[in-house]
>>> print(open('my_file.tsv').read())   # TSV, C-alpha atoms and all ligand atoms
chain	number	residue	atom	x	y	z
G	84	MET	CA	-9.99	10.92	-4.59
G	85	ARG	CA	-12.20	8.31	-6.28
G	86	THR	CA	-15.47	9.69	-7.64
G	87	ASN	CA	-16.16	7.43	-10.64
G	88	LEU	CA	-16.91	4.08	-9.00
G	89	GLN	CA	-16.41	0.92	-11.07
G	90	ASP	CA	-19.05	-1.73	-11.85
G	91	ILE	CA	-18.96	-4.54	-9.30
G	92	GLN	CA	-17.34	-7.72	-10.66
G	93	TRP	CA	-17.95	-10.26	-7.86
G	94	CYS	CA	-19.87	-13.53	-8.40
G	95	PRO	CA	-23.57	-13.54	-7.44
G	96	TRP	CA	-24.08	-14.22	-3.70
G	97	CYS	CA	-20.45	-13.49	-2.86
G	98	GLY	CA	-20.05	-12.40	0.78
G	99	ASP	CA	-17.97	-9.44	-0.38
G	100	PHE	CA	-21.25	-7.64	-1.19
G	101	LEU	CA	-22.21	-7.82	2.49
G	102	ILE	CA	-18.81	-6.58	3.67
G	103	LEU	CA	-18.99	-3.69	1.20
G	104	GLY	CA	-22.51	-2.83	2.41
G	105	ALA	CA	-21.40	-2.98	6.05
G	106	ILE	CA	-18.40	-0.73	5.51
G	107	LYS	CA	-20.43	1.83	3.54
G	108	ASN	CA	-23.14	1.91	6.22
G	109	ALA	CA	-20.50	2.16	8.96
G	110	LEU	CA	-18.79	5.12	7.24
G	111	THR	CA	-22.13	6.89	6.74
G	112	GLU	CA	-23.06	6.32	10.40
G	113	LEU	CA	-19.68	7.54	11.63
G	114	GLY	CA	-20.14	10.74	9.62
G	115	ILE	CA	-16.39	11.19	9.00
G	116	ASP	CA	-15.57	13.54	6.08
G	117	LYS	CA	-14.46	11.62	2.99
G	118	GLU	CA	-11.24	13.68	3.00
G	119	ASN	CA	-10.23	12.07	6.31
G	120	ILE	CA	-10.59	8.41	5.30
G	121	VAL	CA	-8.27	6.29	3.17
G	122	THR	CA	-9.09	2.72	2.15
G	123	VAL	CA	-6.27	0.45	1.04
G	124	SER	CA	-6.63	-2.97	-0.58
G	125	TRP	CA	-4.59	-5.71	-2.24
G	126	ILE	CA	-4.78	-8.09	-5.20
G	127	GLY	CA	-7.57	-10.65	-4.80
G	128	CYS	CA	-11.31	-10.89	-5.47
G	129	ALA	CA	-12.15	-8.68	-2.53
G	130	GLY	CA	-9.18	-6.42	-3.32
G	131	LYS	CA	-11.52	-4.68	-5.75
G	132	ILE	CA	-13.48	-3.29	-2.78
G	133	THR	CA	-11.64	0.04	-2.85
G	134	GLN	CA	-12.92	0.57	-6.42
G	135	TYR	CA	-16.44	0.63	-5.00
G	136	ILE	CA	-16.01	3.02	-2.03
G	137	PRO	CA	-15.98	6.76	-2.73
G	138	GLY	CA	-13.02	8.68	-1.28
G	139	TYR	CA	-9.24	8.37	-1.11
G	140	ALA	CA	-8.17	4.85	-1.96
G	141	ALA	CA	-5.27	2.70	-3.10
G	142	GLU	CA	-5.25	-0.79	-4.60
G	143	THR	CA	-1.76	-2.09	-3.89
G	144	LEU	CA	0.04	-5.47	-4.14
G	145	HIS	CA	-0.74	-8.95	-2.83
G	146	GLY	CA	0.11	-8.90	0.90
G	147	ARG	CA	1.07	-5.25	1.00
G	148	SER	CA	-1.97	-3.19	1.95
G	149	ILE	CA	-0.70	-2.89	5.54
G	150	PRO	CA	2.73	-1.36	4.82
G	151	PHE	CA	1.06	1.02	2.36
G	152	GLY	CA	-1.57	1.95	4.96
G	153	VAL	CA	1.02	2.40	7.71
G	154	TRP	CA	3.01	4.83	5.52
G	155	ILE	CA	-0.17	6.85	4.95
G	156	LYS	CA	-0.91	6.89	8.69
G	157	LEU	CA	2.63	7.96	9.58
G	158	ALA	CA	2.48	10.77	7.01
G	159	ASN	CA	-0.81	12.13	8.34
G	160	LYS	CA	-1.95	10.85	11.73
G	161	LYS	CA	-5.33	12.60	11.41
G	162	LEU	CA	-6.45	10.22	8.67
G	163	LYS	CA	-8.51	7.11	9.43
G	164	VAL	CA	-6.81	4.31	7.51
G	165	ILE	CA	-8.70	1.10	6.71
G	166	CYS	CA	-6.67	-1.74	5.22
G	167	PHE	CA	-8.46	-4.65	3.57
G	168	GLY	CA	-6.96	-8.06	2.90
G	169	GLY	CA	-7.80	-11.64	2.01
G	170	ASP	CA	-7.02	-14.73	4.05
G	171	GLY	CA	-4.38	-15.73	1.51
G	172	ASP	CA	-3.06	-12.21	1.56
G	173	MET	CA	-3.04	-11.31	5.28
G	174	TYR	CA	-2.39	-14.74	6.80
G	175	GLY	CA	-0.04	-15.88	4.03
G	176	ILE	CA	2.24	-13.57	2.06
G	177	GLY	CA	1.45	-10.51	4.23
G	178	LEU	CA	1.50	-12.21	7.64
G	179	GLY	CA	4.72	-10.54	8.78
G	180	HIS	CA	3.26	-7.08	8.18
G	181	LEU	CA	0.04	-8.01	9.99
G	182	LEU	CA	1.69	-9.36	13.14
G	183	HIS	CA	4.34	-6.65	13.47
G	184	THR	CA	1.80	-3.86	12.94
G	185	ALA	CA	-0.40	-5.44	15.61
G	186	LYS	CA	2.57	-5.80	17.96
G	187	ARG	CA	3.44	-2.12	17.48
G	188	ASN	CA	-0.21	-1.15	18.02
G	189	ILE	CA	-0.26	1.15	15.00
G	190	ASP	CA	-3.58	2.94	14.79
G	191	ILE	CA	-5.12	1.44	11.65
G	192	THR	CA	-8.14	-0.80	11.05
G	193	VAL	CA	-7.60	-4.12	9.27
G	194	ILE	CA	-10.55	-6.01	7.76
G	195	VAL	CA	-9.84	-9.53	6.45
G	196	HIS	CA	-12.20	-11.13	3.90
G	197	ASN	CA	-11.73	-14.69	5.09
G	198	ASN	CA	-13.28	-16.97	2.45
G	199	GLU	CA	-10.83	-19.74	3.40
G	200	ASN	CA	-9.33	-19.94	-0.10
G	201	TYR	CA	-7.39	-18.08	-2.79
G	202	GLY	CA	-10.52	-16.98	-4.63
G	203	LEU	CA	-9.18	-14.93	-7.52
G	204	THR	CA	-6.75	-17.63	-8.59
G	205	THR	CA	-9.47	-20.35	-8.62
G	206	GLY	CA	-9.84	-21.63	-5.09
G	207	GLN	CA	-6.50	-23.04	-3.96
G	208	ALA	CA	-6.00	-23.89	-0.25
G	209	SER	CA	-5.08	-20.91	1.93
G	210	PRO	CA	-3.77	-20.60	5.50
G	211	THR	CA	-7.36	-20.80	6.82
G	212	THR	CA	-8.68	-23.70	4.69
G	213	PRO	CA	-9.92	-26.41	7.07
G	214	LYS	CA	-8.01	-29.69	7.27
G	215	TRP	CA	-8.97	-32.45	4.76
G	216	ILE	CA	-10.79	-30.07	2.37
G	217	LYS	CA	-10.22	-30.88	-1.31
G	218	THR	CA	-9.22	-27.87	-3.42
G	219	SER	CA	-7.45	-27.46	-6.77
G	220	SER	CA	-4.09	-27.39	-4.91
G	221	THR	CA	-5.00	-30.14	-2.43
G	222	PRO	CA	-6.78	-32.79	-4.55
G	223	GLU	CA	-6.36	-35.40	-1.80
G	224	GLY	CA	-7.47	-33.06	0.98
G	225	ASN	CA	-5.63	-30.24	2.76
G	226	PRO	CA	-3.07	-31.92	5.04
G	227	TYR	CA	-2.68	-28.88	7.35
G	228	TRP	CA	-4.64	-27.47	10.26
G	229	PRO	CA	-5.80	-23.88	9.58
G	230	PHE	CA	-4.62	-20.80	11.47
G	231	HIS	CA	-7.08	-19.38	13.95
G	232	PRO	CA	-7.03	-15.65	13.09
G	233	VAL	CA	-7.94	-14.27	16.52
G	234	GLY	CA	-5.48	-16.56	18.30
G	235	LEU	CA	-2.82	-15.53	15.80
G	236	LEU	CA	-3.40	-11.83	16.46
G	237	GLN	CA	-3.55	-12.35	20.21
G	238	SER	CA	-0.09	-13.89	20.05
G	239	ALA	CA	1.04	-10.50	18.68
G	240	TRP	CA	-0.65	-8.73	21.63
G	241	ALA	CA	-3.51	-7.26	19.57
G	242	GLN	CA	-6.06	-5.81	21.99
G	243	PHE	CA	-8.82	-5.42	19.37
G	244	THR	CA	-9.21	-8.62	17.38
G	245	LYS	CA	-12.64	-10.02	16.55
G	246	GLN	CA	-14.24	-12.56	14.25
G	247	VAL	CA	-17.64	-11.89	12.66
G	248	GLU	CA	-19.65	-13.64	9.92
G	249	ASP	CA	-20.62	-11.65	6.82
G	250	LYS	CA	-24.27	-12.64	7.19
G	251	ASP	CA	-24.44	-11.10	10.71
G	252	PHE	CA	-24.77	-7.77	8.92
G	253	LEU	CA	-25.65	-5.48	11.85
G	254	TRP	CA	-23.02	-7.04	14.09
G	255	LEU	CA	-20.47	-6.63	11.32
G	256	LYS	CA	-21.39	-3.00	10.69
G	257	ASN	CA	-21.24	-2.20	14.43
G	258	THR	CA	-17.91	-4.02	14.82
G	259	ILE	CA	-16.48	-1.97	11.94
G	260	ILE	CA	-17.64	1.23	13.66
G	261	GLU	CA	-16.04	0.09	16.92
G	262	ALA	CA	-12.80	-0.77	15.12
G	263	ILE	CA	-12.55	2.57	13.34
G	264	ASN	CA	-13.23	4.44	16.60
G	265	TYR	CA	-10.68	2.33	18.49
G	266	GLU	CA	-7.45	4.20	19.21
G	267	GLY	CA	-4.85	1.63	18.23
G	268	PHE	CA	-4.56	-1.40	15.98
G	269	ALA	CA	-7.92	-3.07	15.28
G	270	HIS	CA	-8.41	-6.34	13.39
G	271	ILE	CA	-11.66	-7.92	12.18
G	272	ASP	CA	-11.69	-11.36	10.59
G	273	VAL	CA	-14.87	-11.65	8.53
G	274	ILE	CA	-15.89	-15.22	7.72
G	275	GLN	CA	-17.01	-14.75	4.14
G	276	ALA	CA	-19.19	-16.78	1.77
G	277	CYS	CA	-17.57	-17.75	-1.54
G	278	PRO	CA	-20.19	-19.74	-3.45
G	279	SER	CA	-17.82	-20.37	-6.37
G	280	TRP	CA	-15.10	-22.22	-4.41
G	281	LYS	CA	-16.00	-22.61	-0.74
G	282	LYS	CA	-18.36	-25.58	-0.92
G	283	TRP	CA	-17.72	-26.82	2.64
M	301	LIG	C1	3.25	-11.32	-5.12
M	301	LIG	C2	2.08	-12.05	-5.72
M	301	LIG	N1	1.95	-13.37	-5.54
M	301	LIG	C3	0.91	-14.03	-6.07
M	301	LIG	C4	-0.03	-13.35	-6.80
M	301	LIG	C5	-1.18	-14.12	-7.42
M	301	LIG	N2	-2.39	-13.92	-6.70
M	301	LIG	C6	-3.28	-12.98	-7.07
M	301	LIG	S1	-4.68	-13.02	-6.16
M	301	LIG	C7	-4.10	-14.32	-5.27
M	301	LIG	C8	-4.93	-14.99	-4.20
M	301	LIG	C9	-5.77	-14.06	-3.41
M	301	LIG	O1	-6.36	-14.77	-2.34
M	301	LIG	P1	-6.92	-13.96	-1.11
M	301	LIG	O2	-5.91	-12.98	-0.63
M	301	LIG	O3	-7.44	-14.92	-0.11
M	301	LIG	O4	-8.11	-13.10	-1.75
M	301	LIG	P2	-9.46	-13.61	-2.44
M	301	LIG	O5	-9.21	-13.66	-3.90
M	301	LIG	O6	-9.81	-14.94	-1.87
M	301	LIG	O7	-10.47	-12.55	-2.09
M	301	LIG	C10	-2.82	-14.71	-5.68
M	301	LIG	C11	-2.05	-15.84	-5.09
M	301	LIG	C12	0.12	-11.96	-6.97
M	301	LIG	N3	-0.77	-11.22	-7.64
M	301	LIG	N4	1.19	-11.33	-6.42
M	302	LIG	S1	-14.56	-16.40	-6.43
M	302	LIG	FE1	-15.52	-16.38	-4.40
M	302	LIG	S2	-14.64	-14.57	-3.36
M	302	LIG	FE2	-14.25	-14.36	-5.55
M	302	LIG	S3	-15.95	-13.08	-6.31
M	302	LIG	FE3	-16.48	-15.25	-6.62
M	302	LIG	S4	-17.66	-15.85	-4.82
M	302	LIG	FE4	-16.56	-13.93	-4.33
M	303	MG	MG	-9.41	-15.61	0.14
>>> encode(input="my_file.tsv", output="structure tokens")
Amino acid sequence: MRTNLQDIQWCPWCGDFLILGAIKNALTELGIDKENIVTVSWIGCAGKITQYIPGYAAETLHGRSIPFGVWIKLANKKLKVICFGGDGDMYGIGLGHLLHTAKRNIDITVIVHNNENYGLTTGQASPTTPKWIKTSSTPEGNPYWPFHPVGLLQSAWAQFTKQVEDKDFLWLKNTIIEAINYEGFAHIDVIQACPSWKKW
């Protein structure tokens, strides 16, 4: 159980602040006891989010918050499990876990911080970077079309899959509440500001 929260390390104006605020407000509004919630994150800028939320938490490996969260859910079905991920993490290295967990309709909530780049490692192109965008890994412009997250999840039969912008704070908070209350797999793709790298 985390009680000593860490100092926040995100860049000024990062959209992760809004997502953190929305999740904290959603949890307060839901009124679920801290003992019954587990947050699970990965390695990435926004992966630090579990250091800033009081309660049971785990910061795992790049692409692996879902398998970790699924194990927790299988061990104790009463717990509400919230898995966080980045676009590089969930739609890249961890995509297999995401799609198969959606297909099996396992009752966890997945929140993706979609800043359309690999933020922590200095802004390389990710699976959701728009075509033609110049990044440190695509100096002549990204040659690939991006994944559409909701379409991707729908192909795995996800019934609850939504896209929200970080700046639509109330909508985001309410969507998080809806997702946590939903009985089954719930996915939210949050389009997130990243002033350091996402200049498009
Ligand atoms: C297995 C593995 N591969 C690569 C890395 C290096 N790595 C750390 S963070 C990161 C990118 C994270 O991007 P994203 O998931 O989109 O999160 P963001 O930093 O943008 O919030 C990478 C490639 C790692 N830590 N572990
Ligand atoms: S690099 Fe981007 S995502 Fe990472 S903390 Fe800075 S603004 Fe946020
Ligand atoms: Mg990212």
>>> closest_residue(input="my_file.tsv", among="G:Asn108, G:Ser279, G:Gln237, G:Asn264", to="ligand MG 303 (chain M)", atoms="all atoms listed in the file")
G:Ser279
>>> residues_around(input="my_file.tsv", residues="G:Glu248", least_positions_apart="3", cutoff="12 Å", atoms="only C-alpha atoms", output="list of chain:residue names")
G:Gly98, G:Asp99, G:Leu101, G:Ile102, G:Ala105, G:Val195, G:His196, G:Asn197, G:Asn198, G:Lys245, G:Asp251, G:Phe252, G:Leu253, G:Trp254, G:Leu255, G:Lys256, G:Thr258, G:Ile271, G:Asp272, G:Val273, G:Ile274, G:Gln275, G:Ala276
>>> write_last_selection(input="my_file.tsv", atoms="C-alpha atoms", output="PDB file, keeping the file's coordinate frame")
ATOM      1  CA  GLY G  98     -20.050 -12.400   0.780  1.00  0.00           C
ATOM      2  CA  ASP G  99     -17.970  -9.440  -0.380  1.00  0.00           C
ATOM      3  CA  LEU G 101     -22.210  -7.820   2.490  1.00  0.00           C
ATOM      4  CA  ILE G 102     -18.810  -6.580   3.670  1.00  0.00           C
ATOM      5  CA  ALA G 105     -21.400  -2.980   6.050  1.00  0.00           C
ATOM      6  CA  VAL G 195      -9.840  -9.530   6.450  1.00  0.00           C
ATOM      7  CA  HIS G 196     -12.200 -11.130   3.900  1.00  0.00           C
ATOM      8  CA  ASN G 197     -11.730 -14.690   5.090  1.00  0.00           C
ATOM      9  CA  ASN G 198     -13.280 -16.970   2.450  1.00  0.00           C
ATOM     10  CA  LYS G 245     -12.640 -10.020  16.550  1.00  0.00           C
ATOM     11  CA  ASP G 251     -24.440 -11.100  10.710  1.00  0.00           C
ATOM     12  CA  PHE G 252     -24.770  -7.770   8.920  1.00  0.00           C
ATOM     13  CA  LEU G 253     -25.650  -5.480  11.850  1.00  0.00           C
ATOM     14  CA  TRP G 254     -23.020  -7.040  14.090  1.00  0.00           C
ATOM     15  CA  LEU G 255     -20.470  -6.630  11.320  1.00  0.00           C
ATOM     16  CA  LYS G 256     -21.390  -3.000  10.690  1.00  0.00           C
ATOM     17  CA  THR G 258     -17.910  -4.020  14.820  1.00  0.00           C
ATOM     18  CA  ILE G 271     -11.660  -7.920  12.180  1.00  0.00           C
ATOM     19  CA  ASP G 272     -11.690 -11.360  10.590  1.00  0.00           C
ATOM     20  CA  VAL G 273     -14.870 -11.650   8.530  1.00  0.00           C
ATOM     21  CA  ILE G 274     -15.890 -15.220   7.720  1.00  0.00           C
ATOM     22  CA  GLN G 275     -17.010 -14.750   4.140  1.00  0.00           C
ATOM     23  CA  ALA G 276     -19.190 -16.780   1.770  1.00  0.00           C
TER      24      ALA G 276
END
>>> atom_distance(input="my_file.tsv", atom1="atom CA of G:Trp125", atom2="atom CA of G:Ile216")
25.6 Å
>>> closest_residue(input="my_file.tsv", among="G:Gly177, G:Gly114, G:Gly171, G:Pro213", to="ligand MG 303 (chain M)", atoms="only C-alpha atoms and all ligand atoms")
G:Gly171
>>> residues_near_ligand(input="my_file.tsv", ligand="ligand MG 303 (chain M)", cutoff="9 Å", atoms="only C-alpha atoms and all ligand atoms", output="list in words")
Gly127, Cys128, Ala129, Gly168, Gly169, Asp170, Gly171, Asp172, Val195, His196, Asn197, Asn198, Glu199, Asn200, Tyr201, Gly202, Leu203, Gly206, Gln207, Ala208, Ser209, Thr211, Gln275 and Cys277 of chain G
>>> atom_distance(input="my_file.tsv", atom1="atom CA of G:Lys250", atom2="atom CA of G:Thr143")
27.2 Å
>>> closest_residue(input="my_file.tsv", among="G:Thr192, G:Ser238, G:Gln134, G:Thr205", to="G:Ile165", atoms="all atoms listed in the file")
G:Thr192
>>> atom_distance(input="my_file.tsv", atom1="atom CA of G:Val233", atom2="atom CA of G:Ala109")
22.0 Å
